[in-house]
Structures are given as C-alpha cells and as structure tokens.
Amino acid sequence: MQRMFGEPVVDWTAPPRPGPEALEGFWSRLERLEPEDHAADLFRANSADDRIWDYLPYGPFASSASYHRWMREMAGQADPFFYAIRDLETGHLGGVASYLRITPEVGCIEIGHINLAPELQRTRAATEALVLMMDWAFGAGYRRFEWKCDALNIPSRRAAQRLGFSYEGTFRQATIVKGRNRDTAWFAVTDGDWPALAEAFRVWLSPGNFTDAGMQIERLSDLTALVRVSSDPVLG
C-alpha cells in the first residue's frame, strides 16, 4: 500500500496570541472589550431586537446591570478574546466579536461570539470589522481562520460565504445550546486563500466602491466567489 503524507510545513513558527488593544480601519474600530467604556452603549444598541441572541449561548439580558456583569466575565478572558465594534461614521458601538479556540501551536484561530445590533448590521463598518480580525490573524502568521455557527443560522452561514469562507461540512449533534440541539456548520479560510481575499476586501471597502448614498457598486459576494474552494449547499 502506498504511504501518503501531507506537505511538509517549513519555515513556520507559531504566531503570537491575540493582544492588540485596537484594530482600526476606514469605517470601523475594534476596541478591546472594556465594561466601563462599552457596556452602556452596547446595551442600548442591543435592546432594539432580542432576536440577535437567538443562536448564542447567553442573552438576551433583562437589564444593563446583568449585561455589565456578563461583559466583566468575558473581558477578563484570554480565550475568547473579545472586541467591541465601533462604527466610525456614527461614533457608536454596535456589536462585539471575539477570537476563540486559539491554538498558535498549529496556527489555527476562530472568529465567533459575533453579535451585531440592528444599527450595525449590513453596514460597511460591520464587514470591515470582521475583515480587520482576519487581517490581523494572517498577518500574525496563523495558517487557518475558522467560522462555526448553528446550522440553522442562515444569516451567519450567508455572512461566512460572503466573506469568502469555504464550507467544510456540518457536525451533527455537536452540542446543546439553551436546551436545544445544535448541529454546527464549519467554514474556514486558509493562508493560501488570504492574498486573493485581501485584494477582494480592498476593492470592496474602497470609498470608490460606494455611491454618495452609501450603496455598493460591486458586491462582496461576487468578489470573493472565485476564492472559495467550496460553497455552502444550503445557500444554493
């Protein structure tokens, strides 16, 4: 029987764990989660729609005090490593996201706990914030960037594909969330995908890609489609 092995990984060293206090782009800034600075504005934004918590293992929060307590617990952790997302056009905070399952020894990192208030959803700032997290990870030397979500969370699956993540399968009965079964859909971008994706993001995020009314000229999903090695069968 022929023996088969993966390609050797040469001239590679383990990257650092996440640590930047802020990541800033043209439309958005990610700020290391700080309860005293962020809890009040985020609670205000989140209060517009409780459905944003449907697929997360926590929330919604009945009071700003309970949300502040949750944020204190999260802010003190190294994994997940949370950021608050600020829309630089409005100046307001509108969401959070984190690095998690951080494994520098094999060069793998995941983005998750993404929670965007209605005012931040479908904005350039929201897209750019997630791109900034990808850019930091690959710039630091990570080989693989993962996205996982409840298989029933179609908006999350659509967001992953729009950002150029390739679908890698669904893990059945992966966990239990809020007393309900969760099948988990897996997506990933590798360092080999990143240069072409980075160029797609550069083109899409350019101010010249938007009309004076803020409407996109080229769709990001069209720009990233050629980079993905596999598409999500649920999305058609």
# chains A, B, ... in the order shown; residues from 1 in each chain; ligands from 1
>>> residues_around(residues="A:Ser221", least_positions_apart="6", cutoff="9 Å", atoms="only C-alpha atoms", output="list in words")
Gln161, Arg162, Leu163 and Gly164 of chain A
>>> write_last_selection(atoms="C-alpha atoms", output="PDB file, in the first residue's frame")
ATOM      1  CA  GLN A 161     -19.797  32.682   2.478  1.00  0.00           C
ATOM      2  CA  ARG A 162     -19.978  36.383   1.567  1.00  0.00           C
ATOM      3  CA  LEU A 163     -16.666  36.894   3.399  1.00  0.00           C
ATOM      4  CA  GLY A 164     -15.034  34.141   1.365  1.00  0.00           C
TER       5      GLY A 164
END
>>> residues_around(residues="A:Pro233", least_positions_apart="6", cutoff="12 Å", atoms="only C-alpha atoms", output="list in words")
Ala151, Ile154, Arg157, Arg158, Gln161, Ser166, Tyr167, Glu168, Gly169, Thr170 and Ala185 of chain A
>>> closest_residue(among="A:Thr123, A:Trp147, A:Ala213, A:Ala62", to="A:Ser98", atoms="only C-alpha atoms")
A:Trp147
>>> closest_atom_pairs(of="stretch 102-141 of chain A", to="stretch 25-31 of chain A", cutoff="9 Å", atoms="only C-alpha atoms", output="JSON lines")
{"residue": "A:Arg124", "atom": "CA", "partner": "A:Trp27", "partner_atom": "CA", "distance": 6.5}
{"residue": "A:Ala125", "atom": "CA", "partner": "A:Ser28", "partner_atom": "CA", "distance": 4.8}
{"residue": "A:Ala126", "atom": "CA", "partner": "A:Ser28", "partner_atom": "CA", "distance": 7.3}
{"residue": "A:Thr127", "atom": "CA", "partner": "A:Ser28", "partner_atom": "CA", "distance": 8.9}
{"residue": "A:Glu128", "atom": "CA", "partner": "A:Ser28", "partner_atom": "CA", "distance": 6.5}
{"residue": "A:Ala129", "atom": "CA", "partner": "A:Ser28", "partner_atom": "CA", "distance": 5.9}
{"residue": "A:Leu132", "atom": "CA", "partner": "A:Gly25", "partner_atom": "CA", "distance": 7.2}
{"residue": "A:Met133", "atom": "CA", "partner": "A:Leu30", "partner_atom": "CA", "distance": 8.6}
>>> residues_around(residues="A:Ala84", least_positions_apart="2", cutoff="9 Å", atoms="only C-alpha atoms", output="PyMOL selection string")
chain A and resi 29-34+38+42+82+86+93-98
>>> closest_residue(among="A:Met215, A:Ala225, A:Cys149, A:Ala22", to="A:Ala174", atoms="only C-alpha atoms")
A:Cys149
>>> residues_around(residues="A:Asp193", least_positions_apart="5", cutoff="10 Å", atoms="only C-alpha atoms", output="PyMOL selection string")
chain A and resi 143-144+164-166+188+198+227-229
>>> residues_around(residues="A:Glu36", least_positions_apart="5", cutoff="10 Å", atoms="only C-alpha atoms", output="tab-separated table (two decimals) with N, CA, C and O atoms, in the first residue's frame")
chain	number	residue	atom	x	y	z
A	68	HIS	N	-23.78	44.12	32.01
A	68	HIS	CA	-22.48	44.59	32.50
A	68	HIS	C	-21.75	43.46	33.23
A	68	HIS	O	-20.53	43.28	33.06
A	71	MET	N	-20.38	41.08	30.67
A	71	MET	CA	-19.24	41.66	29.98
A	71	MET	C	-17.99	41.61	30.86
A	71	MET	O	-16.88	41.38	30.35
A	72	ARG	N	-18.13	41.83	32.15
A	72	ARG	CA	-16.97	41.74	33.05
A	72	ARG	C	-16.37	40.34	33.01
A	72	ARG	O	-15.14	40.18	33.03
>>> residues_around(residues="A:Cys108", least_positions_apart="2", cutoff="8 Å", atoms="only C-alpha atoms", output="list of chain:residue names")
A:Arg101, A:Ile102, A:Thr103, A:Pro104, A:Glu105, A:Val106, A:Glu110, A:Tyr142, A:Arg143, A:Arg144, A:Phe145, A:Glu146
>>> write_last_selection(atoms="N, CA, C and O atoms", output="PDB file, in the first residue's frame")
ATOM      1  N   ARG A 101     -10.898  29.631  20.584  1.00  0.00           N
ATOM      2  CA  ARG A 101     -10.222  28.368  20.232  1.00  0.00           C
ATOM      3  C   ARG A 101      -8.881  28.671  19.572  1.00  0.00           C
ATOM      4  O   ARG A 101      -8.556  28.179  18.499  1.00  0.00           O
ATOM      5  N   ILE A 102      -8.121  29.483  20.286  1.00  0.00           N
ATOM      6  CA  ILE A 102      -6.855  29.999  19.776  1.00  0.00           C
ATOM      7  C   ILE A 102      -5.769  28.954  20.004  1.00  0.00           C
ATOM      8  O   ILE A 102      -5.447  28.622  21.147  1.00  0.00           O
ATOM      9  N   THR A 103      -5.209  28.420  18.934  1.00  0.00           N
ATOM     10  CA  THR A 103      -4.196  27.369  19.050  1.00  0.00           C
ATOM     11  C   THR A 103      -2.967  27.737  18.206  1.00  0.00           C
ATOM     12  O   THR A 103      -2.788  27.248  17.087  1.00  0.00           O
ATOM     13  N   PRO A 104      -2.119  28.618  18.743  1.00  0.00           N
ATOM     14  CA  PRO A 104      -0.947  29.057  17.979  1.00  0.00           C
ATOM     15  C   PRO A 104      -0.030  27.915  17.579  1.00  0.00           C
ATOM     16  O   PRO A 104       0.635  27.993  16.540  1.00  0.00           O
ATOM     17  N   GLU A 105       0.014  26.862  18.390  1.00  0.00           N
ATOM     18  CA  GLU A 105       0.949  25.774  18.097  1.00  0.00           C
ATOM     19  C   GLU A 105       0.688  25.102  16.759  1.00  0.00           C
ATOM     20  O   GLU A 105       1.596  24.490  16.182  1.00  0.00           O
ATOM     21  N   VAL A 106      -0.536  25.184  16.254  1.00  0.00           N
ATOM     22  CA  VAL A 106      -0.828  24.646  14.923  1.00  0.00           C
ATOM     23  C   VAL A 106      -1.292  25.738  13.962  1.00  0.00           C
ATOM     24  O   VAL A 106      -1.674  25.459  12.828  1.00  0.00           O
ATOM     25  N   GLU A 110     -10.142  30.966  15.532  1.00  0.00           N
ATOM     26  CA  GLU A 110     -11.545  31.051  15.120  1.00  0.00           C
ATOM     27  C   GLU A 110     -12.092  32.435  15.451  1.00  0.00           C
ATOM     28  O   GLU A 110     -11.648  33.081  16.407  1.00  0.00           O
ATOM     29  N   TYR A 142      -1.002  33.112  11.407  1.00  0.00           N
ATOM     30  CA  TYR A 142      -1.913  31.967  11.506  1.00  0.00           C
ATOM     31  C   TYR A 142      -2.138  31.361  10.125  1.00  0.00           C
ATOM     32  O   TYR A 142      -2.139  32.053   9.105  1.00  0.00           O
ATOM     33  N   ARG A 143      -2.315  30.048  10.110  1.00  0.00           N
ATOM     34  CA  ARG A 143      -2.478  29.304   8.854  1.00  0.00           C
ATOM     35  C   ARG A 143      -3.942  29.073   8.492  1.00  0.00           C
ATOM     36  O   ARG A 143      -4.264  28.829   7.333  1.00  0.00           O
ATOM     37  N   ARG A 144      -4.811  29.124   9.500  1.00  0.00           N
ATOM     38  CA  ARG A 144      -6.212  28.750   9.292  1.00  0.00           C
ATOM     39  C   ARG A 144      -7.098  29.632  10.175  1.00  0.00           C
ATOM     40  O   ARG A 144      -6.814  29.820  11.364  1.00  0.00           O
ATOM     41  N   PHE A 145      -8.177  30.142   9.583  1.00  0.00           N
ATOM     42  CA  PHE A 145      -9.109  31.029  10.270  1.00  0.00           C
ATOM     43  C   PHE A 145     -10.500  30.426  10.131  1.00  0.00           C
ATOM     44  O   PHE A 145     -11.015  30.291   9.017  1.00  0.00           O
ATOM     45  N   GLU A 146     -11.121  30.073  11.255  1.00  0.00           N
ATOM     46  CA  GLU A 146     -12.369  29.310  11.221  1.00  0.00           C
ATOM     47  C   GLU A 146     -13.588  30.160  11.573  1.00  0.00           C
ATOM     48  O   GLU A 146     -13.489  31.135  12.319  1.00  0.00           O
TER      49      GLU A 146
END
>>> select_by_dssp(residues="stretch 84-229 of chain A", states="strand (DSSP E or B)", output="mmCIF file with N, CA and C atoms, in the first residue's frame")
data_model
loop_
_atom_site.group_PDB
_atom_site.id
_atom_site.type_symbol
_atom_site.label_atom_id
_atom_site.label_comp_id
_atom_site.auth_asym_id
_atom_site.auth_seq_id
_atom_site.Cartn_x
_atom_site.Cartn_y
_atom_site.Cartn_z
ATOM 1 N N ALA A 84 -15.083 45.102 21.149
ATOM 2 C CA ALA A 84 -16.296 45.860 20.841
ATOM 3 C C ALA A 84 -16.079 46.545 19.498
ATOM 4 N N ILE A 85 -17.146 46.637 18.703
ATOM 5 C CA ILE A 85 -17.053 47.196 17.351
ATOM 6 C C ILE A 85 -17.690 48.589 17.330
ATOM 7 N N ARG A 86 -16.900 49.576 16.924
ATOM 8 C CA ARG A 86 -17.391 50.944 16.836
ATOM 9 C C ARG A 86 -17.528 51.356 15.368
ATOM 10 N N ASP A 87 -18.681 51.861 15.018
ATOM 11 C CA ASP A 87 -18.922 52.414 13.685
ATOM 12 C C ASP A 87 -18.349 53.829 13.669
ATOM 13 N N LEU A 93 -20.996 52.332 19.377
ATOM 14 C CA LEU A 93 -20.718 50.902 19.414
ATOM 15 C C LEU A 93 -21.969 50.152 18.964
ATOM 16 N N GLY A 94 -21.750 49.077 18.206
ATOM 17 C CA GLY A 94 -22.911 48.347 17.706
ATOM 18 C C GLY A 94 -22.768 46.850 17.728
ATOM 19 N N GLY A 95 -21.681 46.336 18.276
ATOM 20 C CA GLY A 95 -21.537 44.884 18.278
ATOM 21 C C GLY A 95 -20.257 44.435 18.948
ATOM 22 N N VAL A 96 -20.125 43.126 19.041
ATOM 23 C CA VAL A 96 -18.914 42.504 19.569
ATOM 24 C C VAL A 96 -18.537 41.321 18.689
ATOM 25 N N ALA A 97 -17.289 40.932 18.773
ATOM 26 C CA ALA A 97 -16.791 39.714 18.132
ATOM 27 C C ALA A 97 -15.549 39.287 18.896
ATOM 28 N N SER A 98 -15.177 38.027 18.760
ATOM 29 C CA SER A 98 -14.019 37.547 19.511
ATOM 30 C C SER A 98 -13.195 36.571 18.691
ATOM 31 N N TYR A 99 -11.931 36.485 19.054
ATOM 32 C CA TYR A 99 -11.114 35.336 18.681
ATOM 33 C C TYR A 99 -11.370 34.257 19.735
ATOM 34 N N LEU A 100 -11.396 33.005 19.314
ATOM 35 C CA LEU A 100 -11.564 31.923 20.273
ATOM 36 C C LEU A 100 -10.940 30.648 19.719
ATOM 37 N N ARG A 101 -10.898 29.631 20.584
ATOM 38 C CA ARG A 101 -10.222 28.368 20.232
ATOM 39 C C ARG A 101 -8.881 28.671 19.572
ATOM 40 N N ILE A 102 -8.121 29.483 20.286
ATOM 41 C CA ILE A 102 -6.855 29.999 19.776
ATOM 42 C C ILE A 102 -5.769 28.954 20.004
ATOM 43 N N THR A 103 -5.209 28.420 18.934
ATOM 44 C CA THR A 103 -4.196 27.369 19.050
ATOM 45 C C THR A 103 -2.967 27.737 18.206
ATOM 46 N N CYS A 108 -3.977 27.829 14.154
ATOM 47 C CA CYS A 108 -5.414 27.871 13.916
ATOM 48 C C CYS A 108 -6.088 28.817 14.899
ATOM 49 N N ILE A 109 -7.040 29.606 14.400
ATOM 50 C CA ILE A 109 -7.776 30.548 15.235
ATOM 51 C C ILE A 109 -9.186 30.676 14.674
ATOM 52 N N GLU A 110 -10.142 30.966 15.532
ATOM 53 C CA GLU A 110 -11.545 31.051 15.120
ATOM 54 C C GLU A 110 -12.092 32.435 15.451
ATOM 55 N N ILE A 111 -13.057 32.880 14.668
ATOM 56 C CA ILE A 111 -13.823 34.076 14.991
ATOM 57 C C ILE A 111 -15.213 33.633 15.428
ATOM 58 N N GLY A 112 -15.703 34.237 16.487
ATOM 59 C CA GLY A 112 -17.009 33.830 16.982
ATOM 60 C C GLY A 112 -17.578 34.818 17.975
ATOM 61 N N HIS A 113 -18.671 34.420 18.625
ATOM 62 C CA HIS A 113 -19.407 35.306 19.537
ATOM 63 C C HIS A 113 -19.775 36.607 18.814
ATOM 64 N N ILE A 114 -19.974 36.506 17.506
ATOM 65 C CA ILE A 114 -20.321 37.699 16.731
ATOM 66 C C ILE A 114 -21.766 38.081 17.050
ATOM 67 N N ASN A 115 -21.948 39.296 17.508
ATOM 68 C CA ASN A 115 -23.283 39.768 17.853
ATOM 69 C C ASN A 115 -23.403 41.218 17.419
ATOM 70 N N LEU A 116 -24.192 41.452 16.385
ATOM 71 C CA LEU A 116 -24.325 42.784 15.811
ATOM 72 C C LEU A 116 -25.725 43.318 16.054
ATOM 73 N N ARG A 144 -4.811 29.124 9.500
ATOM 74 C CA ARG A 144 -6.212 28.750 9.292
ATOM 75 C C ARG A 144 -7.098 29.632 10.175
ATOM 76 N N PHE A 145 -8.177 30.142 9.583
ATOM 77 C CA PHE A 145 -9.109 31.029 10.270
ATOM 78 C C PHE A 145 -10.500 30.426 10.131
ATOM 79 N N GLU A 146 -11.121 30.073 11.255
ATOM 80 C CA GLU A 146 -12.369 29.310 11.221
ATOM 81 C C GLU A 146 -13.588 30.160 11.573
ATOM 82 N N TRP A 147 -14.725 29.713 11.057
ATOM 83 C CA TRP A 147 -16.038 30.293 11.381
ATOM 84 C C TRP A 147 -16.973 29.116 11.589
ATOM 85 N N LYS A 148 -17.632 29.059 12.739
ATOM 86 C CA LYS A 148 -18.595 27.993 13.011
ATOM 87 C C LYS A 148 -19.887 28.629 13.501
ATOM 88 N N CYS A 149 -21.003 28.009 13.138
ATOM 89 C CA CYS A 149 -22.285 28.554 13.571
ATOM 90 C C CYS A 149 -23.327 27.449 13.625
ATOM 91 N N ASP A 150 -24.429 27.729 14.317
ATOM 92 C CA ASP A 150 -25.576 26.828 14.316
ATOM 93 C C ASP A 150 -25.998 26.609 12.862
ATOM 94 N N SER A 166 -14.868 29.089 3.049
ATOM 95 C CA SER A 166 -15.291 27.876 2.341
ATOM 96 C C SER A 166 -16.009 26.934 3.298
ATOM 97 N N TYR A 167 -17.117 26.401 2.844
ATOM 98 C CA TYR A 167 -17.884 25.441 3.644
ATOM 99 C C TYR A 167 -17.128 24.125 3.728
ATOM 100 N N GLU A 168 -17.031 23.566 4.943
ATOM 101 C CA GLU A 168 -16.279 22.323 5.137
ATOM 102 C C GLU A 168 -17.120 21.196 5.723
ATOM 103 N N GLY A 169 -18.396 21.429 5.955
ATOM 104 C CA GLY A 169 -19.247 20.354 6.445
ATOM 105 C C GLY A 169 -20.058 20.754 7.662
ATOM 106 N N THR A 170 -20.949 19.865 8.070
ATOM 107 C CA THR A 170 -21.798 20.103 9.234
ATOM 108 C C THR A 170 -21.626 18.964 10.225
ATOM 109 N N PHE A 171 -21.303 19.322 11.449
ATOM 110 C CA PHE A 171 -21.142 18.351 12.526
ATOM 111 C C PHE A 171 -22.499 18.177 13.204
ATOM 112 N N ARG A 172 -23.075 16.998 13.075
ATOM 113 C CA ARG A 172 -24.401 16.745 13.623
ATOM 114 C C ARG A 172 -24.357 16.562 15.132
ATOM 115 N N GLN A 173 -25.380 17.097 15.814
ATOM 116 C CA GLN A 173 -25.498 16.992 17.266
ATOM 117 C C GLN A 173 -24.191 17.362 17.957
ATOM 118 N N ALA A 174 -23.625 18.494 17.527
ATOM 119 C CA ALA A 174 -22.316 18.903 18.038
ATOM 120 C C ALA A 174 -22.377 19.378 19.483
ATOM 121 N N THR A 175 -23.513 19.979 19.858
ATOM 122 C CA THR A 175 -23.610 20.496 21.217
ATOM 123 C C THR A 175 -25.077 20.755 21.548
ATOM 124 N N ILE A 176 -25.313 21.278 22.742
ATOM 125 C CA ILE A 176 -26.655 21.678 23.175
ATOM 126 C C ILE A 176 -26.575 23.137 23.601
ATOM 127 N N VAL A 177 -27.432 23.982 23.059
ATOM 128 C CA VAL A 177 -27.450 25.404 23.368
ATOM 129 C C VAL A 177 -28.853 25.802 23.815
ATOM 130 N N ARG A 180 -31.484 23.168 23.487
ATOM 131 C CA ARG A 180 -31.839 22.671 22.160
ATOM 132 C C ARG A 180 -30.607 22.091 21.453
ATOM 133 N N ASN A 181 -30.855 21.081 20.616
ATOM 134 C CA ASN A 181 -29.769 20.507 19.835
ATOM 135 C C ASN A 181 -29.188 21.548 18.894
ATOM 136 N N ARG A 182 -27.870 21.466 18.713
ATOM 137 C CA ARG A 182 -27.214 22.298 17.702
ATOM 138 C C ARG A 182 -26.337 21.435 16.816
ATOM 139 N N ASP A 183 -26.653 21.416 15.533
ATOM 140 C CA ASP A 183 -25.732 20.950 14.510
ATOM 141 C C ASP A 183 -24.870 22.154 14.147
ATOM 142 N N THR A 184 -23.582 21.940 13.941
ATOM 143 C CA THR A 184 -22.667 23.060 13.703
ATOM 144 C C THR A 184 -22.096 23.020 12.297
ATOM 145 N N ALA A 185 -22.301 24.111 11.548
ATOM 146 C CA ALA A 185 -21.726 24.260 10.216
ATOM 147 C C ALA A 185 -20.334 24.869 10.335
ATOM 148 N N TRP A 186 -19.377 24.274 9.620
ATOM 149 C CA TRP A 186 -17.970 24.700 9.682
ATOM 150 C C TRP A 186 -17.564 25.384 8.379
ATOM 151 N N PHE A 187 -16.804 26.475 8.536
ATOM 152 C CA PHE A 187 -16.247 27.214 7.410
ATOM 153 C C PHE A 187 -14.812 27.600 7.763
ATOM 154 N N ALA A 188 -13.995 27.834 6.758
ATOM 155 C CA ALA A 188 -12.613 28.257 7.038
ATOM 156 C C ALA A 188 -12.018 29.000 5.853
ATOM 157 N N VAL A 189 -11.040 29.832 6.172
ATOM 158 C CA VAL A 189 -10.148 30.470 5.202
ATOM 159 C C VAL A 189 -8.733 30.056 5.585
ATOM 160 N N THR A 190 -7.899 29.736 4.616
ATOM 161 C CA THR A 190 -6.507 29.391 4.906
ATOM 162 C C THR A 190 -5.580 30.517 4.439
ATOM 163 N N PHE A 210 -18.612 52.778 -3.430
ATOM 164 C CA PHE A 210 -19.920 53.146 -2.882
ATOM 165 C C PHE A 210 -20.401 54.460 -3.490
ATOM 166 N N GLN A 216 -23.427 49.930 -2.420
ATOM 167 C CA GLN A 216 -22.263 49.287 -3.015
ATOM 168 C C GLN A 216 -22.402 49.222 -4.534
#
